[in-house]
>>> print(open('work-v3.cif').read())   # mmCIF, N, CA and C atoms
data_final
#
loop_
_atom_site.label_atom_id
_atom_site.label_comp_id
_atom_site.auth_asym_id
_atom_site.auth_seq_id
_atom_site.Cartn_x
_atom_site.Cartn_y
_atom_site.Cartn_z
N MET A 84 39.26 -55.84 -5.73
CA MET A 84 37.83 -55.92 -5.87
C MET A 84 37.18 -55.88 -4.49
N ARG A 85 37.78 -56.55 -3.55
CA ARG A 85 37.27 -56.57 -2.20
C ARG A 85 37.29 -55.16 -1.62
N THR A 86 38.31 -54.38 -1.88
CA THR A 86 38.43 -53.02 -1.40
C THR A 86 37.32 -52.17 -1.99
N HIS A 87 37.08 -52.37 -3.28
CA HIS A 87 36.02 -51.63 -3.96
C HIS A 87 34.66 -51.94 -3.33
N SER A 88 34.40 -53.22 -3.02
CA SER A 88 33.15 -53.64 -2.43
C SER A 88 32.99 -53.07 -1.03
N LEU A 89 34.07 -53.02 -0.27
CA LEU A 89 34.05 -52.46 1.07
C LEU A 89 33.74 -50.97 1.02
N ARG A 90 34.34 -50.26 0.05
CA ARG A 90 34.06 -48.84 -0.11
C ARG A 90 32.59 -48.61 -0.45
N ASN A 91 32.04 -49.44 -1.33
CA ASN A 91 30.63 -49.29 -1.70
C ASN A 91 29.72 -49.48 -0.49
N ARG A 92 30.03 -50.53 0.32
CA ARG A 92 29.21 -50.77 1.50
C ARG A 92 29.33 -49.62 2.50
N SER A 93 30.52 -49.08 2.66
CA SER A 93 30.73 -47.96 3.57
C SER A 93 29.97 -46.73 3.08
N ALA A 94 30.03 -46.51 1.77
CA ALA A 94 29.32 -45.36 1.20
C ALA A 94 27.82 -45.54 1.36
N LEU A 95 27.33 -46.76 1.12
CA LEU A 95 25.90 -47.02 1.30
C LEU A 95 25.48 -46.87 2.75
N ALA A 96 26.30 -47.33 3.67
CA ALA A 96 25.97 -47.20 5.10
C ALA A 96 25.94 -45.72 5.50
N LEU A 97 26.92 -44.95 5.02
CA LEU A 97 26.96 -43.52 5.33
C LEU A 97 25.73 -42.82 4.74
N ALA A 98 25.39 -43.15 3.49
CA ALA A 98 24.22 -42.55 2.86
C ALA A 98 22.95 -42.90 3.64
N GLY A 99 22.86 -44.15 4.12
CA GLY A 99 21.70 -44.56 4.90
C GLY A 99 21.58 -43.79 6.19
N VAL A 100 22.70 -43.57 6.86
CA VAL A 100 22.68 -42.79 8.09
C VAL A 100 22.25 -41.36 7.80
N LEU A 101 22.80 -40.76 6.76
CA LEU A 101 22.45 -39.39 6.41
C LEU A 101 20.99 -39.27 6.02
N LEU A 102 20.51 -40.20 5.19
CA LEU A 102 19.11 -40.15 4.76
C LEU A 102 18.16 -40.41 5.92
N ALA A 103 18.53 -41.28 6.83
CA ALA A 103 17.66 -41.57 7.97
C ALA A 103 17.49 -40.33 8.85
N GLY A 104 18.53 -39.53 8.97
CA GLY A 104 18.44 -38.33 9.79
C GLY A 104 17.83 -37.14 9.08
N THR A 105 17.74 -37.20 7.76
CA THR A 105 17.26 -36.06 6.99
C THR A 105 15.83 -35.65 7.32
N PRO A 106 14.86 -36.55 7.34
CA PRO A 106 13.49 -36.09 7.63
C PRO A 106 13.38 -35.37 8.96
N ALA A 107 14.05 -35.89 9.98
CA ALA A 107 13.98 -35.24 11.29
C ALA A 107 14.59 -33.85 11.23
N ALA A 108 15.71 -33.73 10.54
CA ALA A 108 16.37 -32.42 10.44
C ALA A 108 15.48 -31.44 9.69
N TYR A 109 14.92 -31.87 8.58
CA TYR A 109 14.06 -30.97 7.82
C TYR A 109 12.79 -30.64 8.59
N THR A 110 12.25 -31.61 9.31
CA THR A 110 11.06 -31.36 10.10
C THR A 110 11.34 -30.31 11.16
N ALA A 111 12.48 -30.43 11.82
CA ALA A 111 12.81 -29.46 12.87
C ALA A 111 12.96 -28.07 12.28
N LEU A 112 13.55 -27.96 11.10
CA LEU A 112 13.73 -26.66 10.48
C LEU A 112 12.43 -26.11 9.92
N ALA A 113 11.58 -26.98 9.37
CA ALA A 113 10.35 -26.53 8.72
C ALA A 113 9.27 -26.19 9.74
N ASP A 114 9.35 -26.73 10.93
CA ASP A 114 8.30 -26.51 11.92
C ASP A 114 8.60 -25.23 12.70
N ASP A 115 8.29 -24.10 12.09
CA ASP A 115 8.57 -22.82 12.74
C ASP A 115 7.31 -22.22 13.37
N ARG A 116 6.30 -23.05 13.56
CA ARG A 116 5.07 -22.59 14.19
C ARG A 116 5.33 -22.33 15.66
N PRO A 117 4.62 -21.34 16.24
CA PRO A 117 4.78 -21.10 17.67
C PRO A 117 4.23 -22.26 18.47
N PRO A 118 4.70 -22.44 19.68
CA PRO A 118 4.16 -23.54 20.49
C PRO A 118 2.67 -23.34 20.72
N ALA A 119 1.98 -24.44 20.88
CA ALA A 119 0.52 -24.37 21.09
C ALA A 119 0.21 -23.58 22.35
N VAL A 120 -0.79 -22.73 22.26
CA VAL A 120 -1.24 -21.98 23.42
C VAL A 120 -2.69 -22.36 23.69
N PRO A 121 -3.08 -22.30 24.93
CA PRO A 121 -4.47 -22.66 25.21
C PRO A 121 -5.43 -21.66 24.58
N ALA A 122 -6.57 -22.15 24.16
CA ALA A 122 -7.59 -21.27 23.57
C ALA A 122 -8.10 -20.32 24.65
N ARG A 123 -8.18 -19.06 24.30
CA ARG A 123 -8.66 -18.04 25.23
C ARG A 123 -9.71 -17.19 24.56
N GLY A 124 -10.54 -16.60 25.37
CA GLY A 124 -11.47 -15.61 24.87
C GLY A 124 -12.68 -16.20 24.18
N LYS A 125 -13.36 -15.30 23.52
CA LYS A 125 -14.59 -15.64 22.83
C LYS A 125 -14.45 -15.34 21.35
N ALA A 126 -15.34 -15.92 20.56
CA ALA A 126 -15.32 -15.71 19.11
C ALA A 126 -15.80 -14.30 18.78
N TYR A 127 -14.93 -13.55 18.12
CA TYR A 127 -15.21 -12.18 17.73
C TYR A 127 -14.92 -12.00 16.25
N VAL A 128 -15.37 -10.89 15.72
CA VAL A 128 -14.99 -10.45 14.38
C VAL A 128 -14.15 -9.19 14.55
N GLU A 129 -13.05 -9.13 13.83
CA GLU A 129 -12.23 -7.91 13.80
C GLU A 129 -12.44 -7.28 12.44
N THR A 130 -12.91 -6.06 12.43
CA THR A 130 -13.09 -5.33 11.18
C THR A 130 -12.17 -4.13 11.19
N ARG A 131 -11.41 -3.99 10.12
CA ARG A 131 -10.55 -2.81 9.95
C ARG A 131 -11.08 -2.02 8.76
N LEU A 132 -11.25 -0.73 8.97
CA LEU A 132 -11.70 0.18 7.92
C LEU A 132 -10.57 1.15 7.60
N PHE A 133 -10.40 1.45 6.32
CA PHE A 133 -9.34 2.34 5.87
C PHE A 133 -9.97 3.58 5.23
N PHE A 134 -9.75 4.71 5.87
CA PHE A 134 -10.34 5.97 5.45
C PHE A 134 -9.26 6.87 4.84
N GLY A 135 -9.45 7.25 3.59
CA GLY A 135 -8.56 8.22 2.99
C GLY A 135 -9.00 9.63 3.35
N THR A 136 -8.11 10.60 3.14
CA THR A 136 -8.46 11.98 3.49
C THR A 136 -8.40 12.92 2.30
N ALA A 137 -7.77 12.50 1.19
CA ALA A 137 -7.73 13.36 0.00
C ALA A 137 -9.08 13.27 -0.70
N ARG A 138 -9.51 14.38 -1.25
CA ARG A 138 -10.80 14.38 -1.95
C ARG A 138 -10.56 14.32 -3.46
N PRO A 139 -11.22 13.38 -4.13
CA PRO A 139 -11.03 13.23 -5.57
C PRO A 139 -11.38 14.48 -6.37
N ASP A 140 -12.27 15.30 -5.83
CA ASP A 140 -12.68 16.51 -6.55
C ASP A 140 -11.68 17.66 -6.36
N GLY A 141 -10.59 17.38 -5.62
CA GLY A 141 -9.58 18.42 -5.42
C GLY A 141 -9.86 19.33 -4.25
N GLY A 142 -10.93 19.08 -3.52
CA GLY A 142 -11.26 19.91 -2.36
C GLY A 142 -10.25 19.69 -1.23
N PRO A 143 -10.40 20.43 -0.14
CA PRO A 143 -9.47 20.30 0.97
C PRO A 143 -9.54 18.92 1.60
N ALA A 144 -8.39 18.42 2.05
CA ALA A 144 -8.32 17.10 2.68
C ALA A 144 -9.12 17.10 3.98
N VAL A 145 -9.60 15.92 4.35
CA VAL A 145 -10.31 15.75 5.61
C VAL A 145 -9.30 16.00 6.74
N THR A 146 -9.65 16.86 7.67
CA THR A 146 -8.75 17.18 8.77
C THR A 146 -8.90 16.16 9.90
N GLU A 147 -7.96 16.17 10.81
CA GLU A 147 -8.04 15.28 11.97
C GLU A 147 -9.28 15.61 12.80
N ARG A 148 -9.56 16.88 12.95
CA ARG A 148 -10.75 17.30 13.71
C ARG A 148 -12.03 16.78 13.04
N GLN A 149 -12.12 16.87 11.71
CA GLN A 149 -13.29 16.37 11.00
C GLN A 149 -13.42 14.85 11.15
N PHE A 150 -12.29 14.15 11.05
CA PHE A 150 -12.35 12.70 11.17
C PHE A 150 -12.77 12.30 12.58
N THR A 151 -12.20 12.94 13.59
CA THR A 151 -12.56 12.64 14.98
C THR A 151 -14.05 12.90 15.22
N ALA A 152 -14.56 14.00 14.69
CA ALA A 152 -15.99 14.31 14.84
C ALA A 152 -16.84 13.25 14.15
N PHE A 153 -16.39 12.77 12.99
CA PHE A 153 -17.11 11.71 12.28
C PHE A 153 -17.17 10.45 13.14
N VAL A 154 -16.03 10.06 13.70
CA VAL A 154 -16.00 8.85 14.54
C VAL A 154 -16.92 9.02 15.75
N ASP A 155 -16.84 10.18 16.39
CA ASP A 155 -17.68 10.43 17.57
C ASP A 155 -19.17 10.35 17.24
N LYS A 156 -19.55 10.87 16.10
CA LYS A 156 -20.97 10.93 15.72
C LYS A 156 -21.48 9.64 15.06
N GLU A 157 -20.68 9.06 14.16
CA GLU A 157 -21.16 7.95 13.32
C GLU A 157 -20.71 6.56 13.76
N VAL A 158 -19.60 6.47 14.48
CA VAL A 158 -19.07 5.14 14.83
C VAL A 158 -19.32 4.81 16.30
N THR A 159 -18.94 5.70 17.19
CA THR A 159 -19.04 5.42 18.63
C THR A 159 -20.45 5.02 19.09
N PRO A 160 -21.51 5.68 18.62
CA PRO A 160 -22.85 5.25 19.07
C PRO A 160 -23.17 3.79 18.72
N ASP A 161 -22.67 3.29 17.60
CA ASP A 161 -22.94 1.92 17.19
C ASP A 161 -21.96 0.91 17.78
N PHE A 162 -20.77 1.38 18.18
CA PHE A 162 -19.74 0.51 18.75
C PHE A 162 -19.18 1.15 20.02
N PRO A 163 -20.03 1.29 21.05
CA PRO A 163 -19.62 2.00 22.26
C PRO A 163 -18.63 1.25 23.14
N ASP A 164 -18.45 -0.05 22.90
CA ASP A 164 -17.55 -0.83 23.76
C ASP A 164 -16.08 -0.55 23.50
N GLY A 165 -15.76 0.11 22.40
CA GLY A 165 -14.37 0.46 22.13
C GLY A 165 -13.99 0.31 20.68
N LEU A 166 -12.95 1.01 20.33
CA LEU A 166 -12.40 0.96 18.98
C LEU A 166 -10.99 1.52 19.03
N THR A 167 -10.25 1.34 17.96
CA THR A 167 -8.90 1.87 17.87
C THR A 167 -8.76 2.62 16.55
N VAL A 168 -8.15 3.80 16.59
CA VAL A 168 -7.87 4.58 15.39
C VAL A 168 -6.36 4.78 15.32
N GLN A 169 -5.81 4.52 14.15
CA GLN A 169 -4.39 4.75 13.90
C GLN A 169 -4.25 5.65 12.68
N SER A 170 -3.34 6.59 12.77
CA SER A 170 -3.04 7.45 11.63
C SER A 170 -2.00 6.77 10.76
N GLY A 171 -2.06 7.05 9.47
CA GLY A 171 -1.09 6.44 8.57
C GLY A 171 -0.95 7.22 7.27
N ARG A 172 -0.18 6.65 6.38
CA ARG A 172 -0.02 7.14 5.02
C ARG A 172 -0.39 5.97 4.13
N GLY A 173 -1.24 6.24 3.16
CA GLY A 173 -1.66 5.15 2.29
C GLY A 173 -1.60 5.54 0.84
N GLN A 174 -1.77 4.56 0.00
CA GLN A 174 -1.89 4.83 -1.43
C GLN A 174 -2.80 3.78 -2.04
N TRP A 175 -3.45 4.19 -3.11
CA TRP A 175 -4.32 3.27 -3.84
C TRP A 175 -4.56 3.83 -5.23
N ARG A 176 -5.04 2.98 -6.12
CA ARG A 176 -5.32 3.40 -7.49
C ARG A 176 -6.78 3.81 -7.56
N ASP A 177 -7.04 5.06 -7.97
CA ASP A 177 -8.41 5.56 -8.01
C ASP A 177 -9.15 5.07 -9.26
N ALA A 178 -10.38 5.49 -9.40
CA ALA A 178 -11.23 5.04 -10.51
C ALA A 178 -10.68 5.43 -11.88
N HIS A 179 -9.81 6.44 -11.91
CA HIS A 179 -9.23 6.90 -13.18
C HIS A 179 -7.86 6.28 -13.45
N GLY A 180 -7.42 5.39 -12.56
CA GLY A 180 -6.14 4.72 -12.74
C GLY A 180 -4.95 5.47 -12.16
N THR A 181 -5.21 6.57 -11.49
CA THR A 181 -4.14 7.36 -10.89
C THR A 181 -3.82 6.81 -9.51
N ILE A 182 -2.52 6.70 -9.20
CA ILE A 182 -2.13 6.28 -7.86
C ILE A 182 -2.16 7.50 -6.96
N GLU A 183 -3.01 7.42 -5.95
CA GLU A 183 -3.20 8.52 -5.00
C GLU A 183 -2.46 8.18 -3.71
N LYS A 184 -1.66 9.12 -3.23
CA LYS A 184 -0.98 8.97 -1.94
C LYS A 184 -1.59 10.00 -1.00
N GLU A 185 -1.94 9.54 0.20
CA GLU A 185 -2.65 10.44 1.10
C GLU A 185 -2.49 10.03 2.56
N ARG A 186 -2.75 10.98 3.42
CA ARG A 186 -2.87 10.70 4.85
C ARG A 186 -4.13 9.86 5.00
N SER A 187 -4.10 8.92 5.93
CA SER A 187 -5.26 8.04 6.09
C SER A 187 -5.42 7.64 7.55
N TYR A 188 -6.54 6.99 7.82
CA TYR A 188 -6.84 6.48 9.16
C TYR A 188 -7.27 5.02 9.03
N GLU A 189 -6.81 4.21 9.98
CA GLU A 189 -7.25 2.83 10.08
C GLU A 189 -8.05 2.71 11.37
N LEU A 190 -9.28 2.27 11.24
CA LEU A 190 -10.18 2.11 12.38
C LEU A 190 -10.39 0.62 12.60
N THR A 191 -10.15 0.14 13.83
CA THR A 191 -10.33 -1.27 14.15
C THR A 191 -11.48 -1.43 15.11
N LEU A 192 -12.39 -2.33 14.76
CA LEU A 192 -13.55 -2.65 15.60
C LEU A 192 -13.50 -4.13 15.94
N LEU A 193 -13.82 -4.47 17.18
CA LEU A 193 -13.97 -5.86 17.61
C LEU A 193 -15.38 -6.01 18.15
N TYR A 194 -16.08 -7.04 17.67
CA TYR A 194 -17.43 -7.28 18.16
C TYR A 194 -17.70 -8.78 18.12
N PRO A 195 -18.56 -9.27 19.03
CA PRO A 195 -18.84 -10.70 19.10
C PRO A 195 -19.40 -11.25 17.79
N GLU A 196 -19.03 -12.47 17.46
CA GLU A 196 -19.58 -13.11 16.25
C GLU A 196 -21.09 -13.13 16.29
N SER A 197 -21.66 -13.24 17.48
CA SER A 197 -23.12 -13.27 17.60
C SER A 197 -23.75 -11.95 17.14
N ALA A 198 -22.97 -10.88 17.10
CA ALA A 198 -23.47 -9.57 16.65
C ALA A 198 -22.99 -9.23 15.24
N ALA A 199 -22.47 -10.22 14.52
CA ALA A 199 -21.87 -9.95 13.21
C ALA A 199 -22.87 -9.41 12.19
N LYS A 200 -24.06 -9.95 12.17
CA LYS A 200 -25.05 -9.48 11.18
C LYS A 200 -25.41 -8.02 11.43
N ARG A 201 -25.68 -7.69 12.66
CA ARG A 201 -26.00 -6.31 13.04
C ARG A 201 -24.77 -5.40 12.80
N GLY A 202 -23.59 -5.89 13.19
CA GLY A 202 -22.37 -5.12 12.99
C GLY A 202 -22.09 -4.83 11.53
N ASP A 203 -22.33 -5.83 10.68
CA ASP A 203 -22.11 -5.65 9.25
C ASP A 203 -22.96 -4.53 8.69
N ARG A 204 -24.21 -4.51 9.05
CA ARG A 204 -25.13 -3.47 8.57
C ARG A 204 -24.66 -2.09 9.01
N LYS A 205 -24.26 -1.97 10.27
CA LYS A 205 -23.80 -0.68 10.79
C LYS A 205 -22.50 -0.25 10.13
N ILE A 206 -21.60 -1.18 9.90
CA ILE A 206 -20.32 -0.85 9.26
C ILE A 206 -20.55 -0.37 7.83
N GLU A 207 -21.44 -1.00 7.13
CA GLU A 207 -21.73 -0.55 5.76
C GLU A 207 -22.33 0.86 5.77
N GLU A 208 -23.14 1.16 6.77
CA GLU A 208 -23.67 2.53 6.90
C GLU A 208 -22.54 3.52 7.15
N ILE A 209 -21.59 3.16 8.00
CA ILE A 209 -20.45 4.02 8.30
C ILE A 209 -19.65 4.29 7.03
N ARG A 210 -19.41 3.26 6.26
CA ARG A 210 -18.66 3.43 5.00
C ARG A 210 -19.38 4.39 4.06
N ARG A 211 -20.67 4.15 3.86
CA ARG A 211 -21.44 5.02 2.96
C ARG A 211 -21.48 6.46 3.46
N ASP A 212 -21.67 6.63 4.78
CA ASP A 212 -21.74 7.97 5.35
C ASP A 212 -20.42 8.73 5.15
N TYR A 213 -19.29 8.05 5.32
CA TYR A 213 -18.00 8.71 5.14
C TYR A 213 -17.79 9.08 3.66
N GLU A 214 -18.10 8.13 2.79
CA GLU A 214 -17.96 8.41 1.35
C GLU A 214 -18.79 9.63 0.94
N LYS A 215 -20.00 9.70 1.44
CA LYS A 215 -20.89 10.82 1.10
C LYS A 215 -20.42 12.13 1.74
N ALA A 216 -20.10 12.10 3.03
CA ALA A 216 -19.72 13.31 3.76
C ALA A 216 -18.43 13.94 3.24
N PHE A 217 -17.48 13.09 2.78
CA PHE A 217 -16.17 13.62 2.40
C PHE A 217 -15.80 13.33 0.95
N ALA A 218 -16.80 13.08 0.12
CA ALA A 218 -16.61 12.88 -1.33
C ALA A 218 -15.53 11.86 -1.63
N GLN A 219 -15.62 10.69 -0.97
CA GLN A 219 -14.64 9.62 -1.17
C GLN A 219 -15.17 8.58 -2.15
N GLU A 220 -14.28 7.98 -2.92
CA GLU A 220 -14.68 6.90 -3.82
C GLU A 220 -14.96 5.62 -3.06
N SER A 221 -14.22 5.42 -1.95
CA SER A 221 -14.32 4.14 -1.27
C SER A 221 -13.75 4.24 0.14
N VAL A 222 -14.22 3.35 1.01
CA VAL A 222 -13.61 3.10 2.31
C VAL A 222 -13.27 1.62 2.32
N GLY A 223 -11.99 1.29 2.49
CA GLY A 223 -11.57 -0.11 2.47
C GLY A 223 -12.04 -0.84 3.71
N ARG A 224 -12.25 -2.16 3.57
CA ARG A 224 -12.73 -2.97 4.69
C ARG A 224 -12.06 -4.33 4.66
N VAL A 225 -11.61 -4.79 5.84
CA VAL A 225 -11.05 -6.13 6.01
C VAL A 225 -11.72 -6.74 7.24
N ASP A 226 -12.24 -7.95 7.11
CA ASP A 226 -12.85 -8.67 8.23
C ASP A 226 -12.07 -9.96 8.49
N GLU A 227 -11.86 -10.26 9.78
CA GLU A 227 -11.20 -11.50 10.17
C GLU A 227 -11.85 -12.03 11.44
N ARG A 228 -11.86 -13.34 11.59
CA ARG A 228 -12.32 -13.94 12.83
C ARG A 228 -11.19 -13.87 13.84
N ALA A 229 -11.54 -13.72 15.12
CA ALA A 229 -10.53 -13.61 16.16
C ALA A 229 -11.04 -14.22 17.47
N GLN A 230 -10.14 -14.69 18.28
CA GLN A 230 -10.44 -15.10 19.64
C GLN A 230 -10.03 -13.93 20.52
N VAL A 231 -10.95 -13.37 21.28
CA VAL A 231 -10.68 -12.14 22.02
C VAL A 231 -10.95 -12.35 23.51
N ASP A 232 -10.04 -11.84 24.31
CA ASP A 232 -10.17 -11.92 25.76
C ASP A 232 -9.80 -10.56 26.33
N PHE A 233 -10.67 -9.98 27.11
CA PHE A 233 -10.41 -8.67 27.73
C PHE A 233 -10.19 -8.85 29.21
#
>>> encode(input="work-v3.cif", output="structure tokens")
Amino acid sequence: MRTHSLRNRSALALAGVLLAGTPAAYTALADDRPPAVPARGKAYVETRLFFGTARPDGGPAVTERQFTAFVDKEVTPDFPDGLTVQSGRGQWRDAHGTIEKERSYELTLLYPESAAKRGDRKIEEIRRDYEKAFAQESVGRVDERAQVDF
């Protein structure tokens, strides 16, 4: 009986040691966040626009030259401080439920939060102008807050 009691105490002591170390071990594994970095830059808005090139009416796809001319005429005057354009391949479900795969462009704009109201109005004009000029159903838009330093 004494042996049995000693085994129980040993098992309980071992369990206590294991359980005591468990939170620290799990915390170390669960804390996969990057180390804190000092805040830099100013408050900006990052807007990404997604432009398709296939035309729903079956007309010819928007060419790179046409897209570049559109950016030069419709985007650059409103966002002269800079922008980024990336070419890609995208897909989306159109108004008729068909999955369309097409060449696309992603345009990234960064502008100060203080100019967000003005920027929003101009971006909506850009979207409408592209939809109208190239017979598009939609231009996708994503907005995020960002800390920006140049």
>>> atom_distance(input="work-v3.cif", atom1="atom CA of A:Thr151", atom2="atom CA of A:Phe233")
24.9 Å
>>> axis_aligned_box(input="work-v3.cif", around="stretch 121-127 of chain A", padding_each_side="8 Å", output="AutoDock Vina command-line options")
--center_x -9.4 --center_y -17.3 --center_z 20.8 --size_x 28.7 --size_y 26.7 --size_z 25.1
>>> residues_around(input="work-v3.cif", residues="stretch 193-206 of chain A", least_positions_apart="2", cutoff="7 Å", atoms="only C-alpha atoms", output="list of chain:residue names")
A:Ala126, A:Tyr127, A:Val128, A:Glu129, A:Thr130, A:Asp161, A:Thr191, A:Glu208, A:Ile209, A:Arg210
>>> resolve_selection(input="work-v3.cif", expression="the PyMOL selection byres ((chain A and resi 223) around 6.5)", output="list in words")
Arg131, Leu132, Phe133, Phe134, Ser221, Val222, Arg224 and Val225 of chain A
>>> resolve_selection(input="work-v3.cif", expression="the PyMOL selection byres ((chain A and resi 138-150) around 6.5)", output="list in words")
Gly135, Thr136, Ala137, Thr151, Ala152, Phe153, Val154, Asp155, Phe217, Ala218, Gln219 and Glu220 of chain A
>>> atom_distance(input="work-v3.cif", atom1="atom CA of A:Gln174", atom2="atom CA of A:Leu190")
16.3 Å
